[in-house]
file work16.csv (CSV, C-alpha atoms)
chain,number,residue,atom,x,y,z
A,1,MET,CA,15.9,20.7,2.8
A,2,LYS,CA,12.7,18.8,3.4
A,3,SER,CA,12.7,15.2,4.5
A,4,VAL,CA,10.5,12.2,4.3
A,5,ALA,CA,10.4,9.2,6.7
A,6,LEU,CA,9.3,5.9,5.0
A,7,ILE,CA,8.1,2.7,6.8
A,8,HIS,CA,8.2,-0.5,4.7
A,9,THR,CA,7.4,-4.1,5.3
A,10,VAL,CA,8.5,-5.5,2.0
A,11,LYS,CA,12.1,-5.3,0.9
A,12,SER,CA,11.4,-4.9,-2.9
A,13,VAL,CA,9.2,-1.9,-2.1
A,14,SER,CA,11.8,-0.5,0.2
A,15,ASN,CA,14.4,-0.7,-2.6
A,16,ALA,CA,12.2,1.0,-5.2
A,17,PHE,CA,10.0,3.6,-3.4
A,18,GLU,CA,12.8,6.1,-2.5
A,19,ASP,CA,14.1,6.2,-6.1
A,20,GLN,CA,10.6,6.7,-7.5
A,21,LEU,CA,9.8,9.4,-5.0
A,22,LYS,CA,13.0,11.3,-5.7
A,23,ALA,CA,12.5,11.0,-9.5
A,24,SER,CA,9.1,12.7,-9.2
A,25,LEU,CA,10.4,15.7,-7.3
A,26,SER,CA,12.0,18.9,-8.6
A,27,GLN,CA,13.7,19.4,-5.3
A,28,ASP,CA,16.3,17.4,-3.3
A,29,ILE,CA,15.0,15.7,-0.1
A,30,LYS,CA,16.4,13.6,2.7
A,31,VAL,CA,14.8,10.2,3.0
A,32,TYR,CA,14.9,7.9,6.1
A,33,ASN,CA,13.9,4.3,5.4
A,34,LEU,CA,12.7,1.8,8.1
A,35,LEU,CA,12.1,-1.8,7.0
A,36,ASP,CA,10.0,-4.0,9.4
A,37,GLU,CA,9.2,-7.3,7.7
A,38,PHE,CA,7.7,-8.7,10.8
A,39,LEU,CA,4.6,-6.5,10.5
A,40,VAL,CA,3.5,-8.2,7.3
A,41,LYS,CA,4.9,-11.7,7.9
A,42,ASN,CA,3.5,-12.2,11.4
A,43,PRO,CA,-0.2,-11.2,10.6
A,44,ASN,CA,-0.1,-13.6,7.6
A,45,GLU,CA,1.2,-16.4,9.8
A,46,ILE,CA,-1.3,-16.0,12.6
A,47,GLY,CA,-4.3,-14.5,10.7
A,48,GLU,CA,-4.7,-11.2,12.6
A,49,PHE,CA,-3.0,-7.9,13.3
A,50,THR,CA,-2.5,-8.1,17.1
A,51,THR,CA,-2.3,-5.5,19.8
A,52,ASN,CA,1.4,-6.3,20.0
A,53,ASN,CA,1.7,-5.6,16.3
A,54,ILE,CA,-0.1,-2.2,16.7
A,55,ASN,CA,2.4,-1.4,19.5
A,56,ARG,CA,5.3,-2.3,17.3
A,57,LEU,CA,3.9,-0.1,14.5
A,58,TYR,CA,3.4,2.7,16.9
A,59,ASN,CA,7.1,2.4,17.9
A,60,ASP,CA,8.2,2.4,14.2
A,61,ILE,CA,6.1,5.5,13.5
A,62,LYS,CA,7.3,7.3,16.7
A,63,ASN,CA,11.0,6.5,15.8
A,64,GLN,CA,10.4,8.0,12.3
A,65,GLU,CA,8.8,11.0,13.9
A,66,LEU,CA,12.0,11.5,15.9
A,67,THR,CA,13.9,12.0,12.7
A,68,GLY,CA,12.2,15.4,12.4
A,69,ALA,CA,10.8,14.5,8.9
A,70,ASP,CA,8.2,16.7,7.3
A,71,VAL,CA,5.9,13.7,6.6
A,72,ILE,CA,5.9,10.0,7.4
A,73,VAL,CA,4.8,7.6,4.7
A,74,VAL,CA,3.7,4.0,5.5
A,75,THR,CA,4.0,1.9,2.4
A,76,CYS,CA,2.1,-1.2,3.4
A,77,SER,CA,-1.6,-1.5,3.1
A,78,THR,CA,-1.8,-4.2,5.8
A,79,LEU,CA,-0.9,-1.4,8.3
A,80,THR,CA,-3.4,1.2,7.1
A,81,PRO,CA,-6.2,0.5,9.7
A,82,SER,CA,-3.7,0.7,12.5
A,83,VAL,CA,-2.2,3.9,11.0
A,84,GLU,CA,-5.6,5.5,11.4
A,85,LYS,CA,-5.6,4.6,15.1
A,86,ILE,CA,-2.1,5.9,15.7
A,87,ARG,CA,-2.4,9.2,13.7
A,88,PRO,CA,-3.9,11.2,16.7
A,89,PHE,CA,-0.9,10.4,18.8
A,90,ILE,CA,1.8,11.6,16.3
A,91,GLY,CA,2.5,15.2,15.6
A,92,THR,CA,4.0,14.6,12.1
A,93,PRO,CA,1.5,14.2,9.2
A,94,ILE,CA,1.2,10.6,8.1
A,95,ILE,CA,0.3,9.4,4.6
A,96,ALA,CA,-0.8,5.8,4.1
A,97,ILE,CA,0.2,4.1,0.9
A,98,ASP,CA,-3.4,3.5,-0.3
A,99,ASP,CA,-5.0,6.8,0.8
A,100,ALA,CA,-5.1,8.2,-2.7
A,101,MET,CA,-5.7,4.8,-4.5
A,102,THR,CA,-8.9,3.9,-2.7
A,103,LYS,CA,-10.4,7.4,-3.2
A,104,LYS,CA,-9.5,7.2,-6.9
A,105,ALA,CA,-11.2,3.8,-7.2
A,106,VAL,CA,-14.4,5.1,-5.8
A,107,GLU,CA,-14.3,8.1,-8.3
A,108,ILE,CA,-13.8,5.7,-11.3
A,109,GLY,CA,-16.8,3.4,-10.7
A,110,SER,CA,-19.0,1.2,-8.5
A,111,LYS,CA,-17.9,-2.3,-9.5
A,112,ILE,CA,-14.5,-2.9,-8.1
A,113,LEU,CA,-12.2,-5.9,-7.9
A,114,VAL,CA,-9.5,-5.9,-5.2
A,115,MET,CA,-6.5,-8.2,-5.9
A,116,ALA,CA,-3.9,-9.1,-3.2
A,117,THR,CA,-1.2,-11.6,-2.6
A,118,ALA,CA,-1.2,-11.3,1.2
A,119,GLN,CA,-4.3,-12.4,3.1
A,120,SER,CA,-3.6,-9.7,5.8
A,121,THR,CA,-4.0,-7.0,3.1
A,122,ILE,CA,-7.3,-7.8,1.4
A,123,GLY,CA,-9.6,-7.0,4.3
A,124,PRO,CA,-8.1,-3.6,5.2
A,125,THR,CA,-8.0,-2.5,1.5
A,126,CYS,CA,-11.7,-3.5,0.9
A,127,ASP,CA,-12.7,-1.8,4.1
A,128,LYS,CA,-10.9,1.4,3.0
A,129,VAL,CA,-12.7,1.4,-0.4
A,130,LEU,CA,-16.0,1.0,1.4
A,131,ASN,CA,-15.3,3.7,3.9
A,132,ASP,CA,-14.2,6.1,1.1
A,133,ALA,CA,-17.4,5.2,-0.8
A,134,LYS,CA,-19.4,6.0,2.3
A,135,MET,CA,-17.7,9.4,2.6
A,136,ALA,CA,-18.5,10.1,-1.0
A,137,ASN,CA,-22.1,9.0,-0.5
A,138,LYS,CA,-21.7,6.3,-3.1
A,139,GLU,CA,-22.6,2.6,-3.2
A,140,VAL,CA,-20.0,0.2,-4.5
A,141,ALA,CA,-19.8,-3.5,-5.1
A,142,ILE,CA,-16.5,-5.1,-4.2
A,143,GLU,CA,-15.2,-8.5,-5.2
A,144,ARG,CA,-11.9,-9.8,-3.9
A,145,ILE,CA,-9.2,-12.3,-4.8
A,146,VAL,CA,-6.0,-13.4,-3.1
A,147,PHE,CA,-3.0,-15.2,-4.5
A,148,PRO,CA,-1.1,-16.5,-1.4
A,149,GLU,CA,1.2,-18.6,-3.6
A,150,ALA,CA,2.5,-15.4,-5.2
A,151,PHE,CA,3.1,-13.8,-1.7
A,152,ALA,CA,5.1,-16.9,-0.7
A,153,ALA,CA,7.2,-16.7,-3.9
A,154,MET,CA,7.9,-13.0,-3.3
A,155,GLN,CA,9.0,-13.7,0.3
A,156,ALA,CA,11.4,-16.4,-1.1
A,157,GLY,CA,12.8,-13.8,-3.5
A,158,ASP,CA,11.3,-15.4,-6.5
A,159,MET,CA,9.7,-12.5,-8.2
A,160,GLU,CA,9.4,-14.3,-11.6
A,161,THR,CA,7.0,-16.8,-10.0
A,162,HIS,CA,5.2,-14.1,-8.2
A,163,ASN,CA,4.6,-12.2,-11.4
A,164,ARG,CA,3.5,-15.3,-13.4
A,165,ILE,CA,0.9,-16.3,-10.8
A,166,VAL,CA,-0.6,-12.8,-10.6
A,167,LEU,CA,-0.7,-12.3,-14.4
A,168,GLU,CA,-2.1,-15.8,-15.0
A,169,ASN,CA,-4.9,-15.2,-12.5
A,170,SER,CA,-5.8,-11.8,-14.0
A,171,LYS,CA,-6.6,-13.1,-17.5
A,172,ASP,CA,-10.3,-13.8,-17.0
A,173,LYS,CA,-11.1,-10.9,-14.7
A,174,THR,CA,-13.3,-8.7,-16.9
A,175,GLY,CA,-16.5,-6.7,-16.4
A,176,TYR,CA,-15.2,-4.4,-13.7
A,177,ASP,CA,-15.1,-0.6,-13.6
A,178,CYS,CA,-11.6,-0.8,-12.1
A,179,ILE,CA,-9.2,-3.1,-10.4
A,180,VAL,CA,-7.3,-2.2,-7.2
A,181,LEU,CA,-3.9,-3.8,-6.5
A,182,ALA,CA,-3.9,-4.1,-2.7
A,183,GLN,CA,-0.1,-4.3,-2.4
A,184,ALA,CA,2.6,-2.0,-3.6
A,185,SER,CA,4.7,-5.1,-4.5
A,186,MET,CA,2.2,-5.7,-7.4
A,187,ALA,CA,2.5,-2.2,-8.9
A,188,HIS,CA,5.0,-3.1,-11.6
A,189,LEU,CA,2.4,-5.4,-13.1
A,190,GLU,CA,-0.2,-2.6,-13.4
A,191,GLU,CA,0.0,-2.2,-17.2
A,192,GLU,CA,0.0,-5.9,-18.0
A,193,ILE,CA,-3.0,-6.5,-15.7
A,194,ALA,CA,-4.9,-3.7,-17.4
A,195,LYS,CA,-4.3,-5.3,-20.8
A,196,ASN,CA,-5.6,-8.6,-19.5
A,197,CYS,CA,-8.7,-7.1,-17.8
A,198,GLY,CA,-9.6,-4.3,-20.2
A,199,CYS,CA,-10.2,-1.7,-17.4
A,200,PRO,CA,-8.3,0.8,-15.3
A,201,VAL,CA,-5.9,-0.8,-12.8
A,202,LEU,CA,-4.8,1.2,-9.8
A,203,SER,CA,-1.7,0.6,-7.8
A,204,SER,CA,-0.7,2.5,-4.7
A,205,PRO,CA,2.9,3.7,-5.1
A,206,ARG,CA,2.3,6.0,-8.1
A,207,LEU,CA,-0.7,7.7,-6.6
A,208,CYS,CA,0.9,7.9,-3.2
A,209,ILE,CA,4.0,9.5,-4.6
A,210,THR,CA,1.8,12.1,-6.3
A,211,GLN,CA,0.2,12.8,-2.9
A,212,VAL,CA,3.6,13.1,-1.2
A,213,LYS,CA,4.8,15.4,-4.0
A,214,ASP,CA,1.8,17.6,-3.6
A,215,PHE,CA,2.2,17.7,0.2
A,216,LEU,CA,5.9,18.7,-0.1
A,217,GLU,CA,5.4,21.3,-2.8
A,218,ASN,CA,2.3,22.9,-1.4
call {"tool": "encode", "arguments": {"input": "work16.csv", "output": "structure tokens"}}
result
Amino acid sequence: MKSVALIHTVKSVSNAFEDQLKASLSQDIKVYNLLDEFLVKNPNEIGEFTTNNINRLYNDIKNQELTGADVIVVTCSTLTPSVEKIRPFIGTPIIAIDDAMTKKAVEIGSKILVMATAQSTIGPTCDKVLNDAKMANKEVAIERIVFPEAFAAMQAGDMETHNRIVLENSKDKTGYDCIVLAQASMAHLEEEIAKNCGCPVLSSPRLCITQVKDFLEN
């Protein structure tokens, strides 16, 4: 039986991702979850992802490698730049949550809005879109918007307020080729935001799960 090791920083994502992954597969798998909330809370508190945080993430990834999993999936976009640095030192393949999403955004169009609730996520996601555009030899224009009040509400367990803030702030966001939701914790609002904005809206969990599915099956 194949196995997947997941690394999360947000409890709501940890609770949902495994179920969504298993529902997408035609085979049974083992799943090993690791939740490290510090790695999203601390960068938002101090405004940077420190060397100590990179070392902590390395330890998390190494511990998940020791499970013997076929693939490691990191489900937090804040961690993606550091995942890129750590990949060469890990023998197990690693999939970052936004790998498929940012590539898809570049394929769809050149005027892209990136929406986030955590300040620590917006920069890495925009940089990844730009890097994927460069790899595709394509120019893109990116705008960004962050809703820190929504992130605070989510951390307090108040998803109703989180959802209301995100949806209210998406109502006048029109004229884009696509919108990228920088955090997996916003994914459940994808369809409602698309209705508000009148353009494709991309969230990472669905596209990431498809990538993991393809990896396991092929």
call {"tool": "closest_residue", "arguments": {"input": "work16.csv", "among": "A:Thr51, A:Thr67, A:Gln211, A:Asn163", "to": "Ile193 (chain A)", "atoms": "only C-alpha atoms"}}
result
A:Asn163
call {"tool": "residues_around", "arguments": {"input": "work16.csv", "residues": "Leu34 (chain A)", "least_positions_apart": "5", "cutoff": "8 Å", "atoms": "only C-alpha atoms", "output": "ChimeraX atom specification"}}
result
/A:5-8,60,64
call {"tool": "closest_residue", "arguments": {"input": "work16.csv", "among": "A:Leu21, A:Val106, A:Ala187, A:Ile29", "to": "Lys134 (chain A)", "atoms": "only C-alpha atoms"}}
result
A:Val106
call {"tool": "closest_residue", "arguments": {"input": "work16.csv", "among": "A:Ala105, A:Val40, A:Ile46, A:Ile90", "to": "Lys62 (chain A)", "atoms": "all atoms listed in the file"}}
result
A:Ile90
call {"tool": "atom_distance", "arguments": {"input": "work16.csv", "atom1": "CA of Gly47 (chain A)", "atom2": "CA of Cys178 (chain A)"}}
result
27.6 Å
call {"tool": "residues_around", "arguments": {"input": "work16.csv", "residues": "Pro43 (chain A)", "least_positions_apart": "4", "cutoff": "12 Å", "atoms": "only C-alpha atoms", "output": "NGL selection string"}}
result
:A and (9 or 37-39 or 47-54 or 78-79 or 118-121)
call {"tool": "atom_distance", "arguments": {"input": "work16.csv", "atom1": "CA of Ile112 (chain A)", "atom2": "CA of Asn137 (chain A)"}}
result
16.0 Å
call {"tool": "closest_residue", "arguments": {"input": "work16.csv", "among": "A:Pro93, A:Lys85, A:Met101, A:Leu35", "to": "Ile209 (chain A)", "atoms": "all atoms listed in the file"}}
result
A:Met101
